[in-house]
file model-v9.cif (mmCIF, C-alpha atoms)
data_protein
loop_
_atom_site.label_atom_id
_atom_site.label_comp_id
_atom_site.auth_asym_id
_atom_site.auth_seq_id
_atom_site.Cartn_x
_atom_site.Cartn_y
_atom_site.Cartn_z
CA MET A 14 22.72 -36.66 -46.68
CA ALA A 15 26.49 -37.08 -46.76
CA ASN A 16 26.74 -38.50 -43.26
CA ARG A 17 24.60 -41.52 -44.08
CA THR A 18 26.58 -44.69 -43.72
CA LYS A 19 23.88 -47.30 -43.67
CA LEU A 20 20.87 -47.87 -45.88
CA LYS A 21 17.78 -48.55 -43.78
CA ILE A 22 15.18 -50.85 -45.32
CA PHE A 23 11.97 -52.53 -44.18
CA ASN A 24 10.65 -55.71 -45.74
CA ASP A 25 6.98 -55.28 -46.58
CA PRO A 26 4.70 -58.14 -47.71
CA ILE A 27 2.99 -55.86 -50.25
CA TYR A 28 5.81 -53.96 -51.95
CA GLY A 29 8.95 -55.87 -50.98
CA PHE A 30 11.71 -53.61 -49.68
CA ILE A 31 10.81 -50.10 -48.51
CA THR A 32 13.77 -47.75 -48.31
CA ILE A 33 13.94 -45.07 -45.63
CA PRO A 34 15.01 -41.98 -47.59
CA SER A 35 16.84 -39.94 -44.95
CA GLU A 36 18.37 -39.95 -41.49
CA ARG A 37 15.72 -37.52 -40.19
CA ILE A 38 12.87 -39.75 -41.37
CA PHE A 39 14.52 -42.74 -39.74
CA LYS A 40 14.72 -40.78 -36.46
CA ILE A 41 11.01 -39.87 -36.73
CA ILE A 42 10.15 -43.56 -37.28
CA ALA A 43 12.29 -44.48 -34.25
CA HIS A 44 10.46 -41.94 -32.04
CA PRO A 45 8.17 -43.45 -29.34
CA PHE A 46 5.18 -41.51 -30.76
CA PHE A 47 5.59 -43.34 -34.07
CA GLN A 48 6.57 -46.71 -32.59
CA ARG A 49 3.24 -46.66 -30.74
CA LEU A 50 1.55 -47.27 -34.13
CA ARG A 51 2.91 -50.85 -33.98
CA ARG A 52 0.39 -51.39 -31.18
CA ILE A 53 -2.62 -49.93 -32.99
CA SER A 54 -4.40 -52.18 -35.44
CA GLN A 55 -5.20 -50.66 -38.83
CA MET A 56 -8.68 -52.13 -38.95
CA GLY A 57 -9.87 -52.04 -35.36
CA LEU A 58 -11.91 -55.14 -34.50
CA SER A 59 -12.22 -56.38 -38.10
CA TYR A 60 -10.08 -59.37 -37.16
CA LEU A 61 -13.21 -60.77 -35.50
CA VAL A 62 -14.56 -61.12 -39.07
CA TYR A 63 -11.32 -61.57 -41.05
CA PRO A 64 -8.80 -63.38 -38.83
CA GLY A 65 -5.83 -62.15 -40.89
CA ALA A 66 -6.59 -58.47 -40.34
CA HIS A 67 -4.03 -57.93 -37.59
CA HIS A 68 -1.82 -55.47 -39.47
CA THR A 69 -1.03 -52.17 -37.80
CA ARG A 70 -1.01 -48.47 -38.55
CA PHE A 71 2.78 -48.71 -38.48
CA HIS A 72 2.65 -51.01 -41.53
CA HIS A 73 0.28 -48.66 -43.31
CA ALA A 74 2.31 -45.50 -42.64
CA LEU A 75 5.44 -47.12 -44.10
CA GLY A 76 3.39 -48.24 -47.13
CA GLY A 77 2.21 -44.66 -47.64
CA LEU A 78 5.83 -43.47 -47.47
CA HIS A 79 6.83 -46.00 -50.15
CA LEU A 80 4.03 -44.90 -52.50
CA MET A 81 4.87 -41.22 -51.91
CA GLN A 82 8.47 -41.90 -52.98
CA LYS A 83 7.16 -43.48 -56.19
CA ALA A 84 4.76 -40.58 -56.86
CA ILE A 85 7.50 -37.95 -56.44
CA GLU A 86 9.76 -39.92 -58.80
CA ILE A 87 7.02 -40.08 -61.49
CA LEU A 88 6.06 -36.39 -61.17
CA ARG A 89 9.69 -35.27 -61.40
CA PHE A 90 10.16 -37.48 -64.44
CA LYS A 91 7.23 -35.66 -66.07
CA GLY A 92 8.86 -32.30 -65.39
CA VAL A 93 7.03 -31.24 -62.21
CA PRO A 94 9.63 -29.40 -60.09
CA ILE A 95 9.79 -30.73 -56.52
CA SER A 96 12.65 -29.48 -54.35
CA GLU A 97 14.53 -31.71 -51.89
CA GLU A 98 12.92 -29.80 -49.02
CA GLU A 99 9.43 -30.40 -50.47
CA GLU A 100 10.26 -34.04 -51.08
CA GLU A 101 11.21 -34.62 -47.45
CA ALA A 102 8.15 -32.67 -46.26
CA LEU A 103 5.89 -34.89 -48.39
CA HIS A 104 7.56 -38.00 -46.94
CA ILE A 105 7.03 -36.74 -43.39
CA ALA A 106 3.41 -35.62 -44.03
CA ILE A 107 2.33 -39.04 -45.34
CA LEU A 108 4.29 -40.88 -42.65
CA LEU A 109 2.55 -38.94 -39.88
CA HIS A 110 -0.93 -38.53 -41.43
CA ASP A 111 -2.45 -41.18 -39.12
CA ILE A 112 -0.29 -40.73 -36.02
CA GLY A 113 -3.25 -39.30 -34.08
CA HIS A 114 -5.29 -42.50 -34.18
CA GLY A 115 -6.22 -43.88 -30.80
CA PRO A 116 -6.66 -47.53 -29.87
CA PHE A 117 -9.02 -49.34 -32.24
CA SER A 118 -9.13 -46.14 -34.27
CA HIS A 119 -12.60 -44.84 -34.95
CA ALA A 120 -14.28 -46.27 -31.86
CA MET A 121 -12.09 -43.99 -29.76
CA GLU A 122 -13.21 -40.77 -31.40
CA HIS A 123 -16.64 -41.42 -29.94
CA SER A 124 -15.67 -42.50 -26.46
CA ILE A 125 -12.17 -41.75 -25.16
CA VAL A 126 -12.03 -38.15 -26.34
CA GLU A 127 -15.11 -36.05 -26.86
CA GLY A 128 -15.38 -35.26 -30.55
CA VAL A 129 -11.65 -34.67 -31.09
CA SER A 130 -10.86 -36.13 -34.52
CA HIS A 131 -7.75 -38.20 -35.15
CA GLU A 132 -6.68 -35.63 -37.79
CA ARG A 133 -6.62 -32.96 -35.10
CA ILE A 134 -4.55 -35.17 -32.77
CA SER A 135 -2.22 -36.03 -35.68
CA LEU A 136 -1.58 -32.31 -36.07
CA LEU A 137 -0.85 -31.93 -32.34
CA PHE A 138 1.65 -34.81 -32.54
CA MET A 139 3.29 -33.23 -35.58
CA GLU A 140 3.62 -29.89 -33.80
CA GLU A 141 5.16 -31.61 -30.77
CA LEU A 142 7.63 -33.48 -33.00
CA ASN A 143 8.39 -30.25 -34.85
CA ALA A 144 9.54 -28.69 -31.57
CA GLU A 145 11.72 -31.75 -30.86
CA PHE A 146 13.17 -31.88 -34.37
CA ASN A 147 14.30 -28.26 -34.46
CA GLN A 148 11.34 -26.93 -36.51
CA SER A 149 12.27 -29.23 -39.42
CA LEU A 150 8.65 -30.42 -39.83
CA THR A 151 7.22 -26.94 -40.52
CA LEU A 152 6.77 -27.48 -44.26
CA ALA A 153 5.32 -30.99 -43.73
CA ILE A 154 2.73 -29.47 -41.38
CA GLU A 155 1.81 -26.80 -43.96
CA ILE A 156 1.32 -29.49 -46.61
CA PHE A 157 -0.72 -31.65 -44.18
CA LYS A 158 -2.97 -28.69 -43.29
CA GLY A 159 -3.40 -27.70 -46.94
CA SER A 160 -2.00 -24.22 -46.35
CA TYR A 161 1.02 -24.69 -48.63
CA HIS A 162 0.60 -22.87 -51.95
CA ARG A 163 1.22 -25.99 -54.05
CA LYS A 164 -2.22 -27.62 -53.72
CA PHE A 165 -1.26 -30.93 -55.38
CA MET A 166 1.10 -31.71 -52.49
CA ASN A 167 -1.76 -31.74 -50.00
CA GLN A 168 -3.75 -33.88 -52.49
CA LEU A 169 -0.97 -36.49 -52.49
CA VAL A 170 -1.45 -36.77 -48.71
CA SER A 171 -5.20 -36.23 -48.42
CA SER A 172 -7.69 -36.40 -51.28
CA GLN A 173 -9.92 -38.94 -53.02
CA LEU A 174 -6.90 -40.45 -54.73
CA ASP A 175 -4.11 -40.02 -52.19
CA MET A 176 -1.23 -42.27 -51.13
CA ASP A 177 -3.14 -43.11 -47.96
CA ARG A 178 -6.06 -44.70 -49.84
CA LEU A 179 -3.81 -46.31 -52.45
CA ASP A 180 -1.99 -48.10 -49.64
CA TYR A 181 -4.81 -49.08 -47.30
CA LEU A 182 -7.09 -50.57 -49.97
CA LYS A 183 -4.32 -52.82 -51.25
CA ARG A 184 -3.01 -53.63 -47.76
CA ASP A 185 -6.42 -54.32 -46.20
CA SER A 186 -7.33 -56.47 -49.20
CA PHE A 187 -4.12 -58.49 -48.69
CA TYR A 188 -4.56 -59.02 -44.94
CA THR A 189 -8.30 -59.75 -45.03
CA GLY A 190 -7.98 -62.00 -48.08
CA VAL A 191 -10.74 -60.04 -49.86
CA PRO A 192 -9.39 -59.85 -53.43
CA GLU A 193 -11.87 -57.19 -54.64
CA GLY A 194 -9.77 -54.48 -52.99
CA ASN A 195 -6.54 -55.41 -54.72
CA ILE A 196 -5.99 -52.25 -56.75
CA ASN A 197 -3.04 -51.56 -59.02
CA SER A 198 -1.52 -48.68 -57.05
CA GLU A 199 1.70 -48.69 -59.14
CA ARG A 200 -0.29 -48.20 -62.34
CA ILE A 201 -2.36 -45.35 -60.87
CA ILE A 202 0.78 -43.60 -59.58
CA THR A 203 2.41 -43.93 -63.02
CA MET A 204 -0.58 -42.03 -64.48
CA LEU A 205 -0.33 -39.09 -62.03
CA HIS A 206 0.43 -35.61 -63.29
CA VAL A 207 -0.05 -32.00 -62.18
CA ALA A 208 -2.14 -29.47 -64.12
CA ASP A 209 -2.93 -25.98 -62.89
CA ASN A 210 -1.36 -26.83 -59.50
CA HIS A 211 -3.81 -29.73 -59.00
CA LEU A 212 -3.22 -33.47 -59.02
CA VAL A 213 -4.66 -35.08 -62.15
CA ILE A 214 -4.70 -38.50 -63.80
CA GLU A 215 -3.73 -38.86 -67.44
CA GLU A 216 -6.59 -39.99 -69.66
CA LYS A 217 -5.14 -43.43 -70.28
CA GLY A 218 -5.31 -44.13 -66.54
CA ILE A 219 -9.09 -43.73 -66.38
CA TYR A 220 -9.83 -47.48 -66.20
CA SER A 221 -7.40 -47.91 -63.30
CA VAL A 222 -9.26 -45.13 -61.46
CA GLU A 223 -12.60 -46.75 -62.21
CA LYS A 224 -11.33 -50.03 -60.81
CA PHE A 225 -9.99 -48.19 -57.76
CA LEU A 226 -13.41 -46.60 -57.06
CA VAL A 227 -15.29 -49.86 -57.55
CA ALA A 228 -12.76 -51.63 -55.29
CA ARG A 229 -13.29 -48.95 -52.65
CA ARG A 230 -17.05 -49.45 -52.75
CA LEU A 231 -16.78 -53.23 -52.48
CA MET A 232 -14.23 -53.02 -49.66
CA TYR A 233 -16.58 -50.75 -47.72
CA TRP A 234 -19.49 -53.17 -47.95
CA GLN A 235 -17.47 -56.35 -47.52
CA VAL A 236 -14.91 -55.20 -44.99
CA TYR A 237 -15.11 -51.73 -43.40
CA LEU A 238 -18.90 -51.73 -43.05
CA HIS A 239 -19.29 -55.49 -42.57
CA LYS A 240 -22.25 -55.84 -40.22
CA THR A 241 -20.38 -57.99 -37.68
CA GLY A 242 -17.48 -55.54 -37.63
CA VAL A 243 -19.90 -52.65 -37.16
CA ALA A 244 -21.60 -54.48 -34.26
CA ALA A 245 -18.24 -55.21 -32.60
CA GLU A 246 -17.15 -51.57 -32.87
CA GLN A 247 -20.48 -50.41 -31.43
CA LEU A 248 -20.00 -52.78 -28.49
CA LEU A 249 -16.53 -51.35 -27.85
CA ILE A 250 -17.92 -47.80 -27.87
CA ARG A 251 -20.47 -48.94 -25.29
CA VAL A 252 -17.84 -50.70 -23.14
CA LEU A 253 -15.96 -47.42 -22.79
CA LYS A 254 -19.14 -45.41 -22.28
CA ARG A 255 -20.22 -47.75 -19.47
CA ALA A 256 -16.75 -47.68 -17.90
CA LYS A 257 -16.89 -43.86 -17.91
CA GLU A 258 -20.34 -43.91 -16.29
CA LEU A 259 -19.24 -46.30 -13.56
CA MET A 260 -16.06 -44.35 -12.83
CA SER A 261 -17.94 -41.07 -12.55
CA ALA A 262 -20.28 -42.84 -10.10
CA GLY A 263 -17.25 -43.70 -7.96
CA VAL A 264 -16.67 -47.31 -9.02
CA ASP A 265 -12.98 -48.13 -9.07
CA LEU A 266 -12.27 -50.00 -12.30
CA PRO A 267 -8.85 -51.55 -12.81
CA CYS A 268 -7.03 -50.34 -15.94
CA SER A 269 -3.82 -48.65 -17.07
CA PRO A 270 -3.06 -45.12 -15.78
CA ALA A 271 -3.42 -43.67 -19.29
CA LEU A 272 -6.85 -45.24 -19.81
CA THR A 273 -7.92 -44.25 -16.28
CA TYR A 274 -7.06 -40.62 -17.11
CA PHE A 275 -9.27 -40.54 -20.21
CA LEU A 276 -12.14 -42.39 -18.54
CA LYS A 277 -12.13 -40.15 -15.46
CA ASN A 278 -11.71 -36.82 -17.25
CA LYS A 279 -13.92 -35.38 -19.95
CA ILE A 280 -11.35 -34.39 -22.55
CA VAL A 281 -12.35 -31.90 -25.23
CA LEU A 282 -10.15 -30.15 -27.79
CA GLU A 283 -9.35 -27.18 -25.50
CA ASP A 284 -7.88 -29.61 -22.92
CA PHE A 285 -5.58 -31.23 -25.42
CA ASN A 286 -2.29 -29.66 -24.37
CA SER A 287 1.22 -31.10 -24.40
CA ALA A 288 0.69 -32.99 -21.12
CA THR A 289 -2.58 -34.57 -22.34
CA LEU A 290 -0.89 -35.57 -25.59
CA LYS A 291 1.88 -37.34 -23.64
CA ILE A 292 -0.75 -39.40 -21.80
CA PHE A 293 -2.63 -40.09 -25.06
CA SER A 294 0.63 -41.33 -26.60
CA LYS A 295 0.75 -44.07 -23.96
CA LEU A 296 -2.66 -45.43 -25.04
CA ASP A 297 -2.90 -48.29 -27.51
CA ASP A 298 -4.96 -51.43 -28.26
CA TYR A 299 -3.30 -53.29 -25.41
CA ASP A 300 -4.70 -50.93 -22.77
CA ILE A 301 -8.22 -51.62 -24.00
CA ILE A 302 -7.85 -55.41 -24.32
CA SER A 303 -6.17 -55.66 -20.88
CA ALA A 304 -8.92 -53.57 -19.31
CA MET A 305 -11.65 -55.74 -20.85
CA LYS A 306 -9.93 -58.89 -19.57
CA LEU A 307 -10.09 -57.41 -16.07
CA TRP A 308 -13.60 -56.04 -16.45
CA VAL A 309 -15.18 -59.43 -17.21
CA ASP A 310 -14.85 -60.03 -13.45
CA GLN A 311 -16.62 -56.81 -12.47
CA GLU A 312 -19.93 -56.85 -10.66
CA ASP A 313 -21.65 -54.57 -13.15
CA PHE A 314 -23.81 -56.75 -15.43
CA VAL A 315 -23.59 -54.38 -18.41
CA LEU A 316 -19.82 -53.89 -18.41
CA ARG A 317 -19.09 -57.55 -17.70
CA ASN A 318 -21.31 -58.83 -20.49
CA LEU A 319 -20.20 -56.30 -23.10
CA CYS A 320 -16.55 -57.23 -22.47
CA GLU A 321 -17.30 -60.95 -22.62
CA MET A 322 -19.09 -60.50 -25.95
CA ILE A 323 -16.04 -58.88 -27.56
CA LEU A 324 -13.37 -61.10 -25.99
CA ASN A 325 -15.19 -64.35 -26.75
CA ARG A 326 -16.64 -63.12 -30.05
CA ASP A 327 -20.14 -63.86 -28.89
CA LEU A 328 -21.58 -60.70 -30.41
CA LEU A 329 -25.06 -59.28 -30.76
CA LYS A 330 -27.33 -60.24 -33.62
CA VAL A 331 -27.18 -57.62 -36.41
CA LYS A 332 -29.84 -56.99 -39.03
CA LEU A 333 -29.29 -54.63 -41.96
CA LYS A 334 -32.26 -52.89 -43.57
CA LYS A 335 -32.80 -50.42 -46.41
CA LYS A 336 -35.25 -48.35 -44.33
CA PRO A 337 -34.83 -46.81 -40.85
CA ILE A 338 -35.60 -49.27 -38.05
CA ASP A 339 -39.09 -49.00 -36.63
CA LYS A 340 -39.03 -47.50 -33.09
CA LYS A 341 -41.63 -50.04 -31.90
CA ARG A 342 -39.35 -52.89 -32.95
CA ILE A 343 -36.46 -51.43 -30.93
CA GLN A 344 -38.76 -50.96 -27.93
CA LYS A 345 -39.92 -54.57 -28.15
CA HIS A 346 -36.32 -55.84 -28.01
CA ILE A 347 -35.44 -53.48 -25.13
CA GLN A 348 -38.39 -54.72 -23.10
CA ALA A 349 -37.47 -58.35 -23.78
CA VAL A 350 -33.90 -57.75 -22.52
CA GLN A 351 -35.19 -55.85 -19.47
CA LYS A 352 -37.48 -58.69 -18.56
CA LYS A 353 -34.99 -61.49 -19.19
CA TYR A 354 -32.05 -59.95 -17.26
CA LYS A 355 -34.00 -57.73 -14.83
CA LEU A 356 -32.38 -54.53 -16.12
CA SER A 357 -33.47 -50.91 -16.26
CA ALA A 358 -34.36 -49.43 -19.67
CA GLU A 359 -31.04 -47.48 -19.68
CA GLU A 360 -29.08 -50.69 -19.04
CA ALA A 361 -31.01 -52.63 -21.67
CA GLU A 362 -30.19 -49.95 -24.25
CA TYR A 363 -26.54 -51.02 -24.08
CA PHE A 364 -27.60 -54.30 -25.71
CA VAL A 365 -30.31 -53.05 -28.07
CA PHE A 366 -29.62 -50.16 -30.41
CA SER A 367 -29.87 -49.02 -34.00
CA GLY A 368 -27.89 -46.78 -36.31
CA ASP A 369 -26.93 -46.31 -39.94
CA ILE A 370 -23.92 -46.82 -42.18
CA THR A 371 -23.15 -44.81 -45.31
CA ASN A 372 -21.08 -45.83 -48.29
CA VAL A 373 -19.92 -43.20 -50.79
CA ALA A 374 -17.19 -44.51 -53.07
CA TYR A 375 -16.71 -41.21 -54.83
CA SER A 376 -17.70 -37.76 -53.70
CA SER A 377 -18.39 -35.39 -56.58
CA GLY A 378 -18.08 -32.35 -54.31
CA THR A 379 -15.17 -29.91 -54.28
CA ASP A 380 -12.27 -32.35 -54.29
CA LYS A 381 -12.96 -34.26 -57.52
CA ILE A 382 -10.62 -36.70 -59.24
CA GLN A 383 -9.62 -34.80 -62.39
CA ILE A 384 -8.77 -36.52 -65.67
CA LEU A 385 -6.21 -34.80 -67.91
CA HIS A 386 -7.17 -35.15 -71.57
CA LYS A 387 -4.75 -35.16 -74.49
CA ASN A 388 -5.87 -31.65 -75.48
CA GLY A 389 -4.73 -30.34 -72.07
CA LYS A 390 -8.24 -29.88 -70.66
CA THR A 391 -9.35 -31.55 -67.41
CA SER A 392 -12.71 -33.00 -66.37
CA ASP A 393 -14.25 -34.82 -63.42
CA VAL A 394 -13.75 -38.59 -63.66
CA ALA A 395 -17.49 -39.21 -63.25
CA ILE A 396 -18.10 -37.21 -66.46
CA ALA A 397 -15.00 -38.40 -68.35
CA SER A 398 -15.78 -42.04 -67.66
CA ASP A 399 -17.88 -43.94 -70.19
CA GLN A 400 -19.08 -46.15 -67.38
CA LEU A 401 -22.45 -45.19 -65.99
CA ASN A 402 -21.64 -46.77 -62.66
CA LEU A 403 -19.29 -43.96 -61.60
CA LYS A 404 -22.24 -41.59 -61.34
CA ALA A 405 -23.99 -44.22 -59.28
CA LEU A 406 -20.91 -44.56 -57.05
CA SER A 407 -21.13 -40.90 -56.08
CA VAL A 408 -24.65 -41.34 -54.66
CA PRO A 409 -24.47 -42.10 -50.92
CA VAL A 410 -25.98 -45.49 -50.05
CA ILE A 411 -27.37 -45.64 -46.53
CA LYS A 412 -28.22 -48.85 -44.72
CA TYR A 413 -29.80 -49.07 -41.29
CA PHE A 414 -28.88 -51.60 -38.64
CA ILE A 415 -30.37 -52.93 -35.45
CA CYS A 416 -28.40 -54.91 -32.85
CA TYR A 417 -29.93 -57.03 -30.11
CA PRO A 418 -28.96 -60.14 -28.10
CA LYS A 419 -29.22 -63.55 -29.71
CA THR A 420 -31.77 -65.85 -28.15
CA LYS A 421 -30.02 -68.79 -26.54
CA HIS A 422 -31.77 -72.13 -26.80
#
call {"tool": "encode", "arguments": {"input": "model-v9.cif", "output": "structure tokens"}}
result
Amino acid sequence: MANRTKLKIFNDPIYGFITIPSERIFKIIAHPFFQRLRRISQMGLSYLVYPGAHHTRFHHALGGLHLMQKAIEILRFKGVPISEEEEEALHIAILLHDIGHGPFSHAMEHSIVEGVSHERISLLFMEELNAEFNQSLTLAIEIFKGSYHRKFMNQLVSSQLDMDRLDYLKRDSFYTGVPEGNINSERIITMLHVADNHLVIEEKGIYSVEKFLVARRLMYWQVYLHKTGVAAEQLLIRVLKRAKELMSAGVDLPCSPALTYFLKNKIVLEDFNSATLKIFSKLDDYDIISAMKLWVDQEDFVLRNLCEMILNRDLLKVKLKKKPIDKKRIQKHIQAVQKKYKLSAEEAEYFVFSGDITNVAYSSGTDKIQILHKNGKTSDVAIASDQLNLKALSVPVIKYFICYPKTKH
């Protein structure tokens, strides 16, 4: 890039200075679609449990870019040919891998849009940016989709040991103050190699991978699947569901034009055209918080109370069990809420519900983490590891929860 006159750097609390590698990438970062990520928290409502967890998806995307730069450097050093075009495509793919996240991330996939995953919306954003940037994102999109012939490039962006996970575990551990997640991402990246077009880890890096998988499991139980965080997210899903119900019944709820659009219209994948994407790009955490602040004054008992619970952190009681929750127990709580607040069964169900959470630290399915042995052969980390716990980590652990109102004395 001969025309570059100024080095662009970001100061990151995790890695120190992050360098922006090219003018084009700087322009992508400066684009409103990407700047929106500054207004979307990385961990949804987890700050109600860990007050420090206010970092954003913008932070995380830059962290992923930094780690991708390191990974490319290491692989080239080990003789893996990566062209300049592929290098930039990898940078762009990791930078934009989460651009499709809506406000409060996963809660939105269940309420604002009907079953449209954030990965799908990320792809739509990338295609829109590709048109704006003169088709210069075509290779990045191929890598992101996994259709590029060099499989390991997609694995750097999306696999069980990708730059995304290496950044968010370390970053979320830092901002929550939960030290169990503090993995050594630099060490893992130094051990990366490519064999038979697949991403592998050199044998001497096996303990770092084990620590990474254990850290992932602990972070899921302590942070991502923390029962209070799960309850808060479930409440948010119900806030939006109730708002949709009321709007379709003709109630005029005050909120931003972008949020109004998604609450009034049932948006499925087929509807997600360029115009819809533009409206979606105007949605962020602030729309939701502002709406809830207005909705606490609404007449509707359900909506008002759900919003108050989140805003004042006066959440439902959550119990975790190893077995599915008994239907009779749920019914008992529903009837108690009906009686106490004079609600219908449908209304009471907004405050009493059950569900399950699953934790799989390592999936031994198709996309395994491969260890490269000194003799040139590769094997699945769960087999190569002398630790029995890795096999245990690949068994899904399911816990069941029930939420219901606390009894006030």
call {"tool": "residues_around", "arguments": {"input": "model-v9.cif", "residues": "Glu100 (chain A)", "least_positions_apart": "6", "cutoff": "12 Å", "atoms": "all atoms listed in the file", "output": "compact mmCIF listing (two decimals) with C-alpha atoms, keeping the file's coordinate frame"}}
result
# COMPACT_ATOMS: atom_id res chain seq x y z
CA PRO A 34 15.01 -41.98 -47.59
CA SER A 35 16.84 -39.94 -44.95
CA ILE A 38 12.87 -39.75 -41.37
CA LEU A 78 5.83 -43.47 -47.47
CA MET A 81 4.87 -41.22 -51.91
CA GLN A 82 8.47 -41.90 -52.98
CA LYS A 83 7.16 -43.48 -56.19
CA ALA A 84 4.76 -40.58 -56.86
CA ILE A 85 7.50 -37.95 -56.44
CA GLU A 86 9.76 -39.92 -58.80
CA LEU A 88 6.06 -36.39 -61.17
CA ARG A 89 9.69 -35.27 -61.40
CA VAL A 93 7.03 -31.24 -62.21
CA PRO A 94 9.63 -29.40 -60.09
CA ALA A 106 3.41 -35.62 -44.03
CA ILE A 107 2.33 -39.04 -45.34
CA LEU A 150 8.65 -30.42 -39.83
CA LEU A 152 6.77 -27.48 -44.26
CA ALA A 153 5.32 -30.99 -43.73
CA ILE A 156 1.32 -29.49 -46.61
CA MET A 166 1.10 -31.71 -52.49
CA LEU A 169 -0.97 -36.49 -52.49
call {"tool": "residues_near_point", "arguments": {"input": "model-v9.cif", "point": "(-17.1, -50.9, -34.0)", "cutoff": "9 Å", "atoms": "all atoms listed in the file", "output": "ChimeraX atom specification"}}
result
/A:57-59,117,119-120,241-250
call {"tool": "resolve_selection", "arguments": {"input": "model-v9.cif", "expression": "the PyMOL selection byres ((chain A and resi 320-334) around 7)", "output": "list of chain:residue names"}}
result
A:Leu61, A:Lys240, A:Thr241, A:Ala244, A:Ala245, A:Val252, A:Met305, A:Trp308, A:Val309, A:Leu316, A:Arg317, A:Asn318, A:Leu319, A:Lys335, A:Lys336, A:Lys412, A:Tyr413, A:Phe414, A:Ile415, A:Cys416, A:Tyr417, A:Pro418, A:Lys419
call {"tool": "closest_residue", "arguments": {"input": "model-v9.cif", "among": "A:Ser398, A:Asn143, A:Thr420, A:Ser160", "to": "Glu216 (chain A)", "atoms": "all atoms listed in the file"}}
result
A:Ser398
call {"tool": "closest_residue", "arguments": {"input": "model-v9.cif", "among": "A:Ile384, A:Val350, A:Phe293, A:Thr203", "to": "His131 (chain A)", "atoms": "all atoms listed in the file"}}
result
A:Phe293
call {"tool": "resolve_selection", "arguments": {"input": "model-v9.cif", "expression": "the PyMOL selection byres ((chain A and resi 277) around 7)", "output": "ChimeraX atom specification"}}
result
/A:257,260-261,273-276,278-279
call {"tool": "atom_distance", "arguments": {"input": "model-v9.cif", "atom1": "CA of Leu205 (chain A)", "atom2": "CA of Ser392 (chain A)"}}
result
14.5 Å
call {"tool": "resolve_selection", "arguments": {"input": "model-v9.cif", "expression": "the PyMOL selection byres ((chain A and resi 361) around 10)", "output": "list in words"}}
result
Val315, His346, Ile347, Gln348, Ala349, Val350, Gln351, Lys352, Tyr354, Lys355, Leu356, Ser357, Ala358, Glu359, Glu360, Glu362, Tyr363, Phe364, Val365, Phe366 and Tyr417 of chain A
call {"tool": "residues_around", "arguments": {"input": "model-v9.cif", "residues": "Gln173 (chain A)", "least_positions_apart": "5", "cutoff": "9 Å", "atoms": "all atoms listed in the file", "output": "PyMOL selection string"}}
result
chain A and resi 168+178+375-376+380-382
call {"tool": "atom_distance", "arguments": {"input": "model-v9.cif", "atom1": "CA of Leu226 (chain A)", "atom2": "CA of Val62 (chain A)"}}
result
23.1 Å
call {"tool": "decode", "arguments": {"input": "model-v9.cif", "residues": "region 365-391 of chain A", "atoms": "C-alpha atoms", "output": "PDB file, in the first residue's frame"}}
result
ATOM      1  CA  VAL A 365     -42.935 -18.688  35.133  1.00  0.00           C
ATOM      2  CA  PHE A 366     -41.088 -20.842  32.625  1.00  0.00           C
ATOM      3  CA  SER A 367     -38.509 -23.564  32.272  1.00  0.00           C
ATOM      4  CA  GLY A 368     -35.845 -24.512  29.763  1.00  0.00           C
ATOM      5  CA  ASP A 369     -32.442 -26.135  29.474  1.00  0.00           C
ATOM      6  CA  ILE A 370     -28.839 -25.117  28.928  1.00  0.00           C
ATOM      7  CA  THR A 371     -26.171 -27.264  27.282  1.00  0.00           C
ATOM      8  CA  ASN A 372     -22.427 -27.087  27.724  1.00  0.00           C
ATOM      9  CA  VAL A 373     -20.140 -28.884  25.268  1.00  0.00           C
ATOM     10  CA  ALA A 374     -16.544 -27.721  25.561  1.00  0.00           C
ATOM     11  CA  TYR A 375     -15.341 -29.863  22.689  1.00  0.00           C
ATOM     12  CA  SER A 376     -17.330 -31.423  19.910  1.00  0.00           C
ATOM     13  CA  SER A 377     -15.758 -34.600  18.559  1.00  0.00           C
ATOM     14  CA  GLY A 378     -17.864 -34.431  15.388  1.00  0.00           C
ATOM     15  CA  THR A 379     -16.583 -33.486  11.938  1.00  0.00           C
ATOM     16  CA  ASP A 380     -14.546 -30.413  12.815  1.00  0.00           C
ATOM     17  CA  LYS A 381     -12.058 -31.888  15.290  1.00  0.00           C
ATOM     18  CA  ILE A 382      -8.969 -30.176  16.679  1.00  0.00           C
ATOM     19  CA  GLN A 383      -6.137 -32.126  15.033  1.00  0.00           C
ATOM     20  CA  ILE A 384      -2.754 -32.661  16.677  1.00  0.00           C
ATOM     21  CA  LEU A 385       0.262 -32.933  14.353  1.00  0.00           C
ATOM     22  CA  HIS A 386       2.719 -35.538  15.649  1.00  0.00           C
ATOM     23  CA  LYS A 387       6.454 -35.535  15.023  1.00  0.00           C
ATOM     24  CA  ASN A 388       6.097 -38.427  12.568  1.00  0.00           C
ATOM     25  CA  GLY A 389       3.806 -36.273  10.390  1.00  0.00           C
ATOM     26  CA  LYS A 390       0.585 -38.087  11.320  1.00  0.00           C
ATOM     27  CA  THR A 391      -2.423 -36.258  12.801  1.00  0.00           C
TER      28      THR A 391
END
